[in-house]
Amino acid sequence: MAAAEVPQRLTATYGTGFGEEGRAWLAGLPALAAEMLDRWELRRDGPAAAGETSLVLPVLSRGGTPAVLRLQMPREETAAALIGLRAWNGGGMVRLLDHDPGSSSMLLERLDGARTLSSIDDDDRAMSTLAELHARLVAVPAPRGLRGLGDIAAEMLEQVPRAITILADPAERQLLRSWASAVAELADEPGDRLLHWDLHYDNVLAAQREPWIAIDPEPLAGDPGFDLWPALDSRWDDVVAPGDAPRIVRRRFDLLTEVLGLDRPRATGWTLGRLLQNALWDIEDGATRLAPPSVTLAASLRNH
C-alpha cells in the first residue's frame with residue numbers, strides 16, 4: 001500500500017483555498033506521510049480519507065494498536081487544535097497520542113468513523129448526548145495561547161458597517177444590525193472557557209473508551225454560548241422538514257442551556273453573534289442575502 005494517495009477533496013481545498021503555499025504543501029504530502037509512518041513505526045490499515053483541510057490515514061502501531069495519522073499544513077488553527085487536545089487530555093475528546101511540531105502531524109486514537117451522533121434518530125436523545133459531552137468540554141478553562149472571543153467580537157463589529165451596505169434586503173440589513181447589537185452588549189465579558197467551536201452531530205463519533213467522543217476541535221477561549229450554533233444547526237434538513245422549525249430549535253436550545261447551566265439571554269446573544277460571524281464570512285465570499293437557516297434560527301430564539 002502506498003504511503004498516501006491524496007483524495008480529490010483535499011486537492012480541491014488546497015488548490016483553491018491556500019494559494020501557492022497550499023499547493024506546495026500538497027505536492028510534498030506523500031513524502032511527509034511516508035516520513036511519519038516510518039518515524040512512528042506505523043502500518044497503513046485502510047483507505048485514506050480527507051477532512052476539510054487534512055489527510056487522515058488509518059494505521060496500526062508497532063504493537064498493533066489502531067490509530068489515525070492526521071496530516072495538515074501548519075496553520076494557526078492547527079496549533080490551536082494541539083493546545084486544546086492537550087488541555088482536554090482525552091476527557092470527552094479524541095486522545096492525542098503523539099505529534100510532530102515541525103510538520104503539525106498528529107497521531108490520534110482511532111474511533112468509529114462510520115457512526116456519528118447523526119445515526120441516532122431520536123433528536124432529543126442525540127441533542128442531550130451532545131449537550132452532556134459539550135458540558136464536559138467547556139468545563140475546562142482555556143489555556144494560554146488561544147484566540148479569544150473578545151478579539152473576535154471586536155473584529156466582527158468593525159466589519160458590520162460595510163457588510164450592511166452589501167445586503168440587498170433592507171429587512172436583512174436591520175437583522176444584521178440587531179445581531180451586532182447583541183454582540184456589542186456582551187463583548188466586554190467574552191468568557192474564558194475552552195470552546196470546541198464546531199461541535200455538531202457529525203463531529204461526535206462512537207468509541208470503545210467512551211460511548212461518544214468529540215473530534216476536530218477548533219479551540220477558542222470564550223463564552224460557551226458562542227459554541228451552541230453548530231449543535232442547533234445539526235441535521236438542519238430534518239429540523240425544517242416537519243414544518244415546525246421554531247419549536248425544534250427552541251427545544252434544542254432549552255436542552256443545551258439547561259445541561260450546560262447557561263444564562264439563557266446571554267446564550268441567545270452569543271448565538272446571534274455566531275450567526276453574525278457566519279453572515280460576515282458569507283458576505284466576504286460574495287453573498288448579498290443572509291442564509292435562510294440563520295434567519296429561521298434567529299426568529300426561533302426571539303423572545304424565547
# chains A, B, ... in the order shown; residues from 1 in each chain; ligands from 1
$ residues_around --residues "segment 264-279 of chain A" --least-positions-apart "2" --cutoff "9 Å" --atoms "only C-alpha atoms" --output "PyMOL selection string"
chain A and resi 152-153+156+160+163+176+178-183+185-186+223-229+253-254+257-258+261-262+281-284+287+289-291+294-295+297-298+301-302+304
$ write_last_selection --atoms "C-alpha atoms" --output "mmCIF file, in the first residue's frame"
data_model
loop_
_atom_site.group_PDB
_atom_site.id
_atom_site.type_symbol
_atom_site.label_atom_id
_atom_site.label_comp_id
_atom_site.auth_asym_id
_atom_site.auth_seq_id
_atom_site.Cartn_x
_atom_site.Cartn_y
_atom_site.Cartn_z
ATOM 1 C CA ILE A 152 -13.148 38.069 17.512
ATOM 2 C CA ALA A 153 -16.151 40.126 18.660
ATOM 3 C CA MET A 156 -16.807 41.404 13.756
ATOM 4 C CA VAL A 160 -20.551 45.249 10.200
ATOM 5 C CA ALA A 163 -21.383 44.325 5.373
ATOM 6 C CA LEU A 176 -27.689 42.090 10.850
ATOM 7 C CA SER A 178 -29.638 43.569 15.655
ATOM 8 C CA TRP A 179 -27.139 40.685 15.747
ATOM 9 C CA ALA A 180 -24.295 43.186 16.003
ATOM 10 C CA SER A 181 -26.094 44.982 18.858
ATOM 11 C CA ALA A 182 -26.367 41.700 20.744
ATOM 12 C CA VAL A 183 -22.619 41.165 20.382
ATOM 13 C CA GLU A 185 -23.774 44.225 24.678
ATOM 14 C CA LEU A 186 -21.721 41.138 25.558
ATOM 15 C CA ASP A 223 -18.266 32.027 26.464
ATOM 16 C CA PRO A 224 -19.984 28.640 25.919
ATOM 17 C CA GLY A 225 -22.970 30.463 24.425
ATOM 18 C CA PHE A 226 -20.861 31.181 21.356
ATOM 19 C CA ASP A 227 -20.440 27.422 20.921
ATOM 20 C CA LEU A 228 -24.129 26.468 20.595
ATOM 21 C CA TRP A 229 -24.838 27.247 16.937
ATOM 22 C CA PHE A 253 -31.740 25.447 22.827
ATOM 23 C CA ASP A 254 -33.521 24.543 26.061
ATOM 24 C CA THR A 257 -28.670 25.685 28.031
ATOM 25 C CA GLU A 258 -30.119 23.508 30.788
ATOM 26 C CA GLY A 261 -26.077 25.605 33.009
ATOM 27 C CA LEU A 262 -26.073 28.738 30.838
ATOM 28 C CA TRP A 281 -17.995 35.167 6.211
ATOM 29 C CA ASP A 282 -20.739 34.624 3.613
ATOM 30 C CA ILE A 283 -20.719 38.304 2.609
ATOM 31 C CA GLU A 284 -16.950 38.222 2.274
ATOM 32 C CA ALA A 287 -23.270 36.702 -0.696
ATOM 33 C CA ARG A 289 -28.504 37.717 1.276
ATOM 34 C CA LEU A 290 -28.482 36.134 4.726
ATOM 35 C CA ALA A 291 -28.557 32.343 4.853
ATOM 36 C CA SER A 294 -29.719 31.686 10.102
ATOM 37 C CA VAL A 295 -32.816 33.829 9.646
ATOM 38 C CA LEU A 297 -32.837 30.207 13.798
ATOM 39 C CA ALA A 298 -32.735 33.857 14.893
ATOM 40 C CA LEU A 301 -34.937 32.345 19.523
ATOM 41 C CA ARG A 302 -36.525 35.794 19.514
ATOM 42 C CA HIS A 304 -37.828 32.796 23.830
#
$ residues_around --residues "Ala12 of chain A" --least-positions-apart "4" --cutoff "10 Å" --atoms "only C-alpha atoms" --output "list in words"
Pro7, Gln8, Thr16, Gly17, Arg23 and Thr53 of chain A
$ atom_distance --atom1 "atom CA of Asp123 of chain A" --atom2 "atom CA of Leu175 of chain A"
28.7 Å
$ select_by_dssp --residues "segment 110-286 of chain A" --states "helix (DSSP H, G or I)" --output "MDAnalysis selection string"
chainID A and resid 117:119 123:138 149:166 170:186 201:203 224:227 229:233 236:240 245:260 264:284
$ residues_around --residues "Leu232 of chain A" --least-positions-apart "2" --cutoff "10 Å" --atoms "only C-alpha atoms" --output "JSON, numbers by chain"
{"A": [127, 199, 200, 201, 227, 228, 229, 230, 234, 235, 236, 239, 248, 249, 250, 251, 252, 253, 256, 271, 297]}
$ write_last_selection --atoms "N, CA and C atoms" --output "compact mmCIF listing (two decimals), in the first residue's frame"
# COMPACT_ATOMS: atom_id res chain seq x y z
N MET A 127 -29.39 15.19 21.01
CA MET A 127 -29.01 16.51 21.50
C MET A 127 -28.61 16.46 22.97
N LEU A 199 -18.86 21.91 17.35
CA LEU A 199 -19.39 20.67 17.91
C LEU A 199 -20.81 20.44 17.41
N HIS A 200 -20.93 19.59 16.41
CA HIS A 200 -22.22 19.20 15.85
C HIS A 200 -22.27 17.67 15.79
N TYR A 201 -23.39 17.14 15.34
CA TYR A 201 -23.60 15.69 15.38
C TYR A 201 -22.49 14.91 14.66
N ASP A 227 -20.72 28.75 21.44
CA ASP A 227 -20.44 27.42 20.92
C ASP A 227 -21.69 26.63 20.60
N LEU A 228 -22.90 27.23 20.74
CA LEU A 228 -24.13 26.47 20.60
C LEU A 228 -24.61 26.32 19.16
N TRP A 229 -24.25 27.26 18.28
CA TRP A 229 -24.84 27.25 16.94
C TRP A 229 -24.62 25.95 16.17
N PRO A 230 -23.41 25.35 16.16
CA PRO A 230 -23.27 24.11 15.38
C PRO A 230 -24.23 23.02 15.83
N SER A 234 -27.36 21.33 13.58
CA SER A 234 -27.14 19.93 13.20
C SER A 234 -28.35 19.34 12.49
N ARG A 235 -28.07 18.57 11.44
CA ARG A 235 -29.12 17.86 10.70
C ARG A 235 -30.27 18.80 10.35
N TRP A 236 -29.92 19.96 9.78
CA TRP A 236 -30.89 21.04 9.59
C TRP A 236 -32.06 20.64 8.69
N VAL A 239 -34.69 19.36 10.70
CA VAL A 239 -35.33 20.38 11.53
C VAL A 239 -36.47 21.05 10.76
N ILE A 248 -38.55 23.06 17.24
CA ILE A 248 -37.41 22.16 17.37
C ILE A 248 -36.16 22.94 17.80
N VAL A 249 -35.97 24.13 17.21
CA VAL A 249 -34.82 24.96 17.59
C VAL A 249 -34.90 25.32 19.07
N ARG A 250 -36.09 25.75 19.51
CA ARG A 250 -36.25 26.14 20.92
C ARG A 250 -36.05 24.94 21.85
N ARG A 251 -36.52 23.78 21.43
CA ARG A 251 -36.33 22.58 22.24
C ARG A 251 -34.84 22.26 22.37
N ARG A 252 -34.12 22.34 21.27
CA ARG A 252 -32.67 22.10 21.30
C ARG A 252 -31.98 23.13 22.18
N PHE A 253 -32.36 24.38 22.04
CA PHE A 253 -31.74 25.45 22.83
C PHE A 253 -31.99 25.22 24.32
N LEU A 256 -29.72 22.35 25.55
CA LEU A 256 -28.32 22.76 25.64
C LEU A 256 -28.08 23.68 26.83
N THR A 271 -25.31 33.35 20.61
CA THR A 271 -25.73 32.58 19.44
C THR A 271 -25.99 33.51 18.26
N LEU A 297 -33.33 30.47 12.45
CA LEU A 297 -32.84 30.21 13.80
C LEU A 297 -32.97 31.45 14.68
$ closest_residue --among "A:Trp197, A:Phe18, A:Trp88, A:Trp25" --to "Pro217 of chain A" --atoms "only C-alpha atoms"
A:Trp197
$ atom_distance --atom1 "atom CA of His99 of chain A" --atom2 "atom CA of Arg86 of chain A"
10.7 Å
$ atom_distance --atom1 "atom CA of Ser61 of chain A" --atom2 "atom CA of Ala206 of chain A"
20.9 Å
$ residues_around --residues "Ile213 of chain A" --least-positions-apart "6" --cutoff "7 Å" --atoms "only C-alpha atoms" --output "list in words"
Gly92, Met93, Val94, Val204, Leu205, Ala206 and Ala207 of chain A
$ write_last_selection --atoms "C-alpha atoms" --output "JSON list (two decimals), in the first residue's frame"
[["chain", "number", "residue", "atom", "x", "y", "z"],
["A", 92, "GLY", "CA", -14.68, 13.54, 26.06],
["A", 93, "MET", "CA", -12.27, 14.41, 23.24],
["A", 94, "VAL", "CA", -10.25, 12.25, 20.87],
["A", 204, "VAL", "CA", -19.08, 13.20, 17.65],
["A", 205, "LEU", "CA", -18.07, 9.59, 16.97],
["A", 206, "ALA", "CA", -18.86, 6.33, 18.70],
["A", 207, "ALA", "CA", -15.96, 4.71, 20.54]]
$ closest_residue --among "A:Gly90, A:Arg110, A:Ser103, A:Glu172" --to "Thr65 of chain A" --atoms "only C-alpha atoms"
A:Arg110
$ residues_around --residues "segment 38-52 of chain A" --least-positions-apart "6" --cutoff "6 Å" --atoms "only C-alpha atoms" --output "list in words"
Pro58, Val59, Leu60, Ser61 and Arg62 of chain A
$ write_last_selection --atoms "C-alpha atoms" --output "compact mmCIF listing (two decimals), in the first residue's frame"
# COMPACT_ATOMS: atom_id res chain seq x y z
CA PRO A 58 -5.95 4.66 9.48
CA VAL A 59 -2.84 2.97 10.89
CA LEU A 60 -1.64 0.30 13.30
CA SER A 61 1.15 0.92 15.78
CA ARG A 62 4.09 -1.43 16.09
$ closest_residue --among "A:Ala114, A:Met36, A:Leu133, A:Ala154" --to "Gly102 of chain A" --atoms "only C-alpha atoms"
A:Met36
$ select_by_dssp --residues "segment 174-289 of chain A" --states "strand (DSSP E)" --output "ChimeraX atom specification"
/A:193-195,204-206,212-214,220-222
$ closest_residue --among "A:Pro293, A:Leu280, A:Leu108, A:Val138" --to "Pro161 of chain A" --atoms "only C-alpha atoms"
A:Leu280
$ residues_around --residues "Ser104 of chain A" --least-positions-apart "6" --cutoff "9 Å" --atoms "only C-alpha atoms" --output "list in words"
Arg70, Leu71, Gln72, Met73, Pro74, Arg75, Thr78, Ala79 and Leu82 of chain A
